[in-house]
Amino acid sequence: MVRIAYDPTPYHFNHGILELPDITARLGYEHVQITPHPEFGPFHRMPKADDELVAGLKKRAADAGVEIVALQPVQRISWPEEPQREVAVRNFSRVIEIAAQLGVDTINTEFSGRPERSEDSEAGFYRSMEVLIPLAEKEGVRINIDPHPDDFVEDGLEAWRVIRGLNSKSVGFVYVGSHSFHMGDQAATLLPEVGDRLGAVFAADTYNHHRSNGLRYITNPPGNSVRVHQHQKIGDGDVNWGELFDTLGKIGYLDREDAVIVSNVFGENENAEDVARYQLAKIRELVAGAARA
């Protein structure tokens, strides 16, 4: 049975990390993904959680009846400059330790390199993984990676090739719905290639920035090197959710015991509670209606 998890980012700035399991349960979810909360694991920084805070979070989740299914750190593990990359490896190593303390076997993350230095970033990524894969294997943790817009690799198929090049079953792929149009909008052909190395799916919608002759968004001056996308609720964008979930069904993902679909809408915070409940119902509907092989 696929696990539907909540991304509590909309509540990060008004609630402490220990409040998030109760909020998740109140919204109707039984699973949560812990994202970069400033008290716990801030972006690009050493995690701020000591053993006491980690134990406190684990207890609060258990008391709320909520399973922490994944951590989502963002560290510069593919950075083309060595000082920042080395710091990121140290930071990420601590994240793996925290995952093990929490009893969490999944880390979902990003490459976090630079597109203008793609070759150097890829080389940095492989150097980082030489350190991180043995640590993950020791702790029984799987690392799944999302090709994020503005990363050194954005195309989904090429990102899968980079991951496959590690030659390690301990590293998988994250498919993020709201990154579809930067990845090439190729779920129906990409996901069968990834197969059982698909580690997580994130469910949020976005507009296709290629539509309207490339004028769906306008930046000034034209030609800026920018990436634009949203994390809106399902139906508020252009992602083909029927195709995506039918593909997930056909490759067997929706029948896997370890399957995780994360609702990660954080572009509509003013309606966070209503959006969270809508997302849960909509994802269940899509799972139930998906074609199977």
# chains A, B, ... in the order shown; residues from 1 in each chain; ligands from 1

$ residues_around --residues "Asp146 (chain A)" --least-positions-apart "4" --cutoff "8 Å" --atoms "only C-alpha atoms" --output "list in words"
Asn108, Thr109, Glu110, Phe111, Phe173, Val174, Tyr175 and Val176 of chain A

$ closest_atom_pairs --of "region 13-55 of chain A" --to "region 269-292 of chain A" --cutoff "9 Å" --atoms "only C-alpha atoms" --output "Markdown table"
| residue | atom | partner | partner_atom | distance |
| --- | --- | --- | --- | --- |
| A:Leu27 | CA | A:Arg277 | CA | 6.1 |
| A:Gly28 | CA | A:Arg277 | CA | 7.0 |
| A:Tyr29 | CA | A:Leu280 | CA | 7.4 |

$ write_last_selection --atoms "N, CA and C atoms" --output "PDB file, in the first residue's frame"
ATOM      1  N   LEU A  27      -4.226  17.082  10.100  1.00  0.00           N
ATOM      2  CA  LEU A  27      -4.601  17.264   8.696  1.00  0.00           C
ATOM      3  C   LEU A  27      -5.039  15.953   8.038  1.00  0.00           C
ATOM      4  N   GLY A  28      -4.933  14.854   8.767  1.00  0.00           N
ATOM      5  CA  GLY A  28      -5.424  13.579   8.258  1.00  0.00           C
ATOM      6  C   GLY A  28      -4.366  12.643   7.710  1.00  0.00           C
ATOM      7  N   TYR A  29      -3.103  13.034   7.787  1.00  0.00           N
ATOM      8  CA  TYR A  29      -2.020  12.212   7.246  1.00  0.00           C
ATOM      9  C   TYR A  29      -1.452  11.292   8.326  1.00  0.00           C
TER      10      TYR A  29
END

$ atom_distance --atom1 "CA of Arg216 (chain A)" --atom2 "CA of Gly156 (chain A)"
21.7 Å

$ closest_residue --among "A:Val226, A:Val201, A:Ile4, A:Leu244" --to "Gln186 (chain A)" --atoms "only C-alpha atoms"
A:Leu244

$ closest_residue --among "A:Gly124, A:Pro8, A:Pro21, A:Gly140" --to "Pro36 (chain A)" --atoms "only C-alpha atoms"
A:Pro8

$ residues_around --residues "Lys48 (chain A)" --least-positions-apart "2" --cutoff "12 Å" --atoms "only C-alpha atoms" --output "PDB file with N, CA, C and O atoms, in the first residue's frame"
ATOM      1  N   ILE A  17       9.726  22.517  15.222  1.00  0.00           N
ATOM      2  CA  ILE A  17       9.849  21.195  14.623  1.00  0.00           C
ATOM      3  C   ILE A  17       9.047  20.150  15.400  1.00  0.00           C
ATOM      4  O   ILE A  17       8.459  19.242  14.802  1.00  0.00           O
ATOM      5  N   PRO A  36      13.552  20.980   5.223  1.00  0.00           N
ATOM      6  CA  PRO A  36      14.545  21.824   5.900  1.00  0.00           C
ATOM      7  C   PRO A  36      13.962  22.881   6.853  1.00  0.00           C
ATOM      8  O   PRO A  36      13.848  24.064   6.526  1.00  0.00           O
ATOM      9  N   HIS A  37      13.637  22.426   8.041  1.00  0.00           N
ATOM     10  CA  HIS A  37      13.157  23.325   9.097  1.00  0.00           C
ATOM     11  C   HIS A  37      14.357  24.018   9.747  1.00  0.00           C
ATOM     12  O   HIS A  37      15.369  23.369  10.029  1.00  0.00           O
ATOM     13  N   PRO A  38      14.273  25.328  10.011  1.00  0.00           N
ATOM     14  CA  PRO A  38      15.438  26.043  10.558  1.00  0.00           C
ATOM     15  C   PRO A  38      15.915  25.530  11.913  1.00  0.00           C
ATOM     16  O   PRO A  38      17.096  25.692  12.253  1.00  0.00           O
ATOM     17  N   GLU A  39      15.038  24.891  12.690  1.00  0.00           N
ATOM     18  CA  GLU A  39      15.455  24.340  13.981  1.00  0.00           C
ATOM     19  C   GLU A  39      16.144  22.987  13.846  1.00  0.00           C
ATOM     20  O   GLU A  39      16.782  22.524  14.789  1.00  0.00           O
ATOM     21  N   PHE A  40      16.002  22.359  12.685  1.00  0.00           N
ATOM     22  CA  PHE A  40      16.393  20.951  12.578  1.00  0.00           C
ATOM     23  C   PHE A  40      17.463  20.710  11.521  1.00  0.00           C
ATOM     24  O   PHE A  40      18.537  20.222  11.823  1.00  0.00           O
ATOM     25  N   GLY A  41      17.160  21.060  10.268  1.00  0.00           N
ATOM     26  CA  GLY A  41      18.098  20.807   9.180  1.00  0.00           C
ATOM     27  C   GLY A  41      18.029  21.896   8.143  1.00  0.00           C
ATOM     28  O   GLY A  41      17.502  21.672   7.045  1.00  0.00           O
ATOM     29  N   PRO A  42      18.525  23.095   8.427  1.00  0.00           N
ATOM     30  CA  PRO A  42      18.379  24.222   7.498  1.00  0.00           C
ATOM     31  C   PRO A  42      19.124  24.001   6.184  1.00  0.00           C
ATOM     32  O   PRO A  42      20.068  23.218   6.107  1.00  0.00           O
ATOM     33  N   PHE A  43      18.689  24.729   5.169  1.00  0.00           N
ATOM     34  CA  PHE A  43      19.330  24.639   3.861  1.00  0.00           C
ATOM     35  C   PHE A  43      20.829  24.928   3.959  1.00  0.00           C
ATOM     36  O   PHE A  43      21.254  25.932   4.551  1.00  0.00           O
ATOM     37  N   HIS A  44      21.643  24.038   3.368  1.00  0.00           N
ATOM     38  CA  HIS A  44      23.074  24.254   3.150  1.00  0.00           C
ATOM     39  C   HIS A  44      23.876  24.420   4.444  1.00  0.00           C
ATOM     40  O   HIS A  44      25.030  24.858   4.389  1.00  0.00           O
ATOM     41  N   ARG A  45      23.308  24.084   5.572  1.00  0.00           N
ATOM     42  CA  ARG A  45      23.991  24.278   6.856  1.00  0.00           C
ATOM     43  C   ARG A  45      24.083  22.957   7.596  1.00  0.00           C
ATOM     44  O   ARG A  45      23.386  21.987   7.296  1.00  0.00           O
ATOM     45  N   MET A  46      24.950  22.920   8.606  1.00  0.00           N
ATOM     46  CA  MET A  46      25.010  21.753   9.461  1.00  0.00           C
ATOM     47  C   MET A  46      23.672  21.575  10.171  1.00  0.00           C
ATOM     48  O   MET A  46      23.101  22.554  10.660  1.00  0.00           O
ATOM     49  N   ASP A  50      20.426  18.168  17.961  1.00  0.00           N
ATOM     50  CA  ASP A  50      21.261  17.290  18.769  1.00  0.00           C
ATOM     51  C   ASP A  50      20.482  16.013  19.083  1.00  0.00           C
ATOM     52  O   ASP A  50      19.319  15.855  18.684  1.00  0.00           O
ATOM     53  N   ASP A  51      21.114  15.094  19.802  1.00  0.00           N
ATOM     54  CA  ASP A  51      20.470  13.807  20.073  1.00  0.00           C
ATOM     55  C   ASP A  51      19.171  13.978  20.851  1.00  0.00           C
ATOM     56  O   ASP A  51      18.202  13.233  20.638  1.00  0.00           O
ATOM     57  N   GLU A  52      19.130  14.972  21.731  1.00  0.00           N
ATOM     58  CA  GLU A  52      17.925  15.197  22.531  1.00  0.00           C
ATOM     59  C   GLU A  52      16.753  15.645  21.648  1.00  0.00           C
ATOM     60  O   GLU A  52      15.621  15.165  21.815  1.00  0.00           O
ATOM     61  N   LEU A  53      17.029  16.554  20.719  1.00  0.00           N
ATOM     62  CA  LEU A  53      15.958  17.021  19.833  1.00  0.00           C
ATOM     63  C   LEU A  53      15.498  15.898  18.898  1.00  0.00           C
ATOM     64  O   LEU A  53      14.300  15.753  18.631  1.00  0.00           O
ATOM     65  N   VAL A  54      16.445  15.113  18.404  1.00  0.00           N
ATOM     66  CA  VAL A  54      16.087  13.990  17.542  1.00  0.00           C
ATOM     67  C   VAL A  54      15.183  13.015  18.291  1.00  0.00           C
ATOM     68  O   VAL A  54      14.150  12.564  17.774  1.00  0.00           O
ATOM     69  N   ASN A  91      27.978  17.883   6.382  1.00  0.00           N
ATOM     70  CA  ASN A  91      26.598  18.135   6.806  1.00  0.00           C
ATOM     71  C   ASN A  91      25.693  16.946   6.475  1.00  0.00           C
ATOM     72  O   ASN A  91      24.867  16.531   7.283  1.00  0.00           O
ATOM     73  N   ARG A  94      25.988  13.929   8.729  1.00  0.00           N
ATOM     74  CA  ARG A  94      25.211  14.069   9.971  1.00  0.00           C
ATOM     75  C   ARG A  94      23.732  13.779   9.712  1.00  0.00           C
ATOM     76  O   ARG A  94      23.053  13.177  10.555  1.00  0.00           O
ATOM     77  N   VAL A  95      23.214  14.172   8.538  1.00  0.00           N
ATOM     78  CA  VAL A  95      21.823  13.865   8.213  1.00  0.00           C
ATOM     79  C   VAL A  95      21.605  12.349   8.197  1.00  0.00           C
ATOM     80  O   VAL A  95      20.586  11.847   8.692  1.00  0.00           O
ATOM     81  N   ILE A  98      21.303  11.154  11.703  1.00  0.00           N
ATOM     82  CA  ILE A  98      19.999  11.521  12.268  1.00  0.00           C
ATOM     83  C   ILE A  98      18.910  10.588  11.739  1.00  0.00           C
ATOM     84  O   ILE A  98      18.031  10.143  12.492  1.00  0.00           O
TER      85      ILE A  98
END

$ closest_residue --among "A:Gly214, A:Gly252, A:Gly177, A:Gly103" --to "Val265 (chain A)" --atoms "only C-alpha atoms"
A:Gly177

$ select_by_dssp --residues "region 58-214 of chain A" --states "helix (DSSP H, G or I)" --output "number ranges by chain"
A: 58-64, 82-102, 115-139, 156-164, 177-183, 187-197, 211-214

$ residues_around --residues "Tyr253 (chain A)" --least-positions-apart "3" --cutoff "9 Å" --atoms "only C-alpha atoms" --output "list in words"
Val2, Gly195, Asp196, Leu198, Thr247, Leu248, Gly249, Lys250, Arg256, Glu257, Asp258 and Ala259 of chain A

$ residues_around --residues "Ile96 (chain A)" --least-positions-apart "5" --cutoff "10 Å" --atoms "only C-alpha atoms" --output "list in words"
Leu71, Pro73, Asn91, Gln101, Leu102, Val104, Asp105, Thr106, Ile107, Leu132, Leu135, Ala136, Glu137, Lys138, Glu139, Gly140, Val141, Arg142 and Ile143 of chain A

$ closest_residue --among "A:Asp185, A:Glu193, A:Glu122, A:Asp236" --to "Gly165 (chain A)" --atoms "only C-alpha atoms"
A:Glu122

$ residues_around --residues "Ala25 (chain A)" --least-positions-apart "5" --cutoff "12 Å" --atoms "only C-alpha atoms" --output "list of chain:residue names"
A:Ala5, A:Tyr6, A:Pro8, A:Glu19, A:Leu20, A:Glu30, A:His31, A:Val32, A:Arg60, A:Ala61, A:Ala62, A:Asp63, A:Ala64, A:Gly65, A:Val66, A:Glu67, A:Ile68, A:Glu273, A:Ala276, A:Arg277, A:Leu280

$ write_last_selection --atoms "C-alpha atoms" --output "PDB file, in the first residue's frame"
ATOM      1  CA  ALA A   5       3.162  11.720   3.264  1.00  0.00           C
ATOM      2  CA  TYR A   6       2.799  15.395   4.097  1.00  0.00           C
ATOM      3  CA  PRO A   8       4.913  20.489   6.388  1.00  0.00           C
ATOM      4  CA  GLU A  19       4.811  20.592  16.578  1.00  0.00           C
ATOM      5  CA  LEU A  20       4.873  19.187  13.050  1.00  0.00           C
ATOM      6  CA  GLU A  30      -0.355   9.173   8.784  1.00  0.00           C
ATOM      7  CA  HIS A  31       3.068   9.912   7.284  1.00  0.00           C
ATOM      8  CA  VAL A  32       5.354  12.933   7.115  1.00  0.00           C
ATOM      9  CA  ARG A  60       6.285  13.251  19.263  1.00  0.00           C
ATOM     10  CA  ALA A  61       5.783  11.434  15.967  1.00  0.00           C
ATOM     11  CA  ALA A  62       5.047   8.159  17.749  1.00  0.00           C
ATOM     12  CA  ASP A  63       2.640   9.872  20.141  1.00  0.00           C
ATOM     13  CA  ALA A  64       0.815  11.481  17.192  1.00  0.00           C
ATOM     14  CA  GLY A  65       0.578   8.190  15.320  1.00  0.00           C
ATOM     15  CA  VAL A  66       2.606   9.606  12.440  1.00  0.00           C
ATOM     16  CA  GLU A  67       5.443   7.776  10.691  1.00  0.00           C
ATOM     17  CA  ILE A  68       8.438   9.803   9.526  1.00  0.00           C
ATOM     18  CA  GLU A 273      -5.019  23.413   5.847  1.00  0.00           C
ATOM     19  CA  ALA A 276      -3.436  19.683   2.627  1.00  0.00           C
ATOM     20  CA  ARG A 277      -6.795  17.942   3.010  1.00  0.00           C
ATOM     21  CA  LEU A 280      -4.726  13.835   0.508  1.00  0.00           C
TER      22      LEU A 280
END

$ closest_residue --among "A:Gln72, A:Ser170, A:Ser225, A:Asn14" --to "Ile34 (chain A)" --atoms "only C-alpha atoms"
A:Gln72

$ select_by_dssp --residues "region 50-208 of chain A" --states "strand (DSSP E or B)" --output "list in words"
Glu67, Ile68, Val69, Ala70, Leu71, Thr106, Ile107, Asn108, Thr109, Glu110, Arg142, Ile143, Asn144, Ile145, Asp146, Val171, Gly172, Phe173, Val174, Tyr175, Val176, Leu198, Gly199, Ala200, Val201, Phe202, Ala203 and Asp205 of chain A

$ closest_residue --among "A:Lys169, A:Ser180, A:Asp150, A:Ala293" --to "Pro192 (chain A)" --atoms "only C-alpha atoms"
A:Ala293

$ residues_around --residues "Glu82 (chain A)" --least-positions-apart "2" --cutoff "12 Å" --atoms "only C-alpha atoms" --output "NGL selection string"
:A and (76-80 or 84-89 or 113 or 120-121 or 123-125 or 127-128)
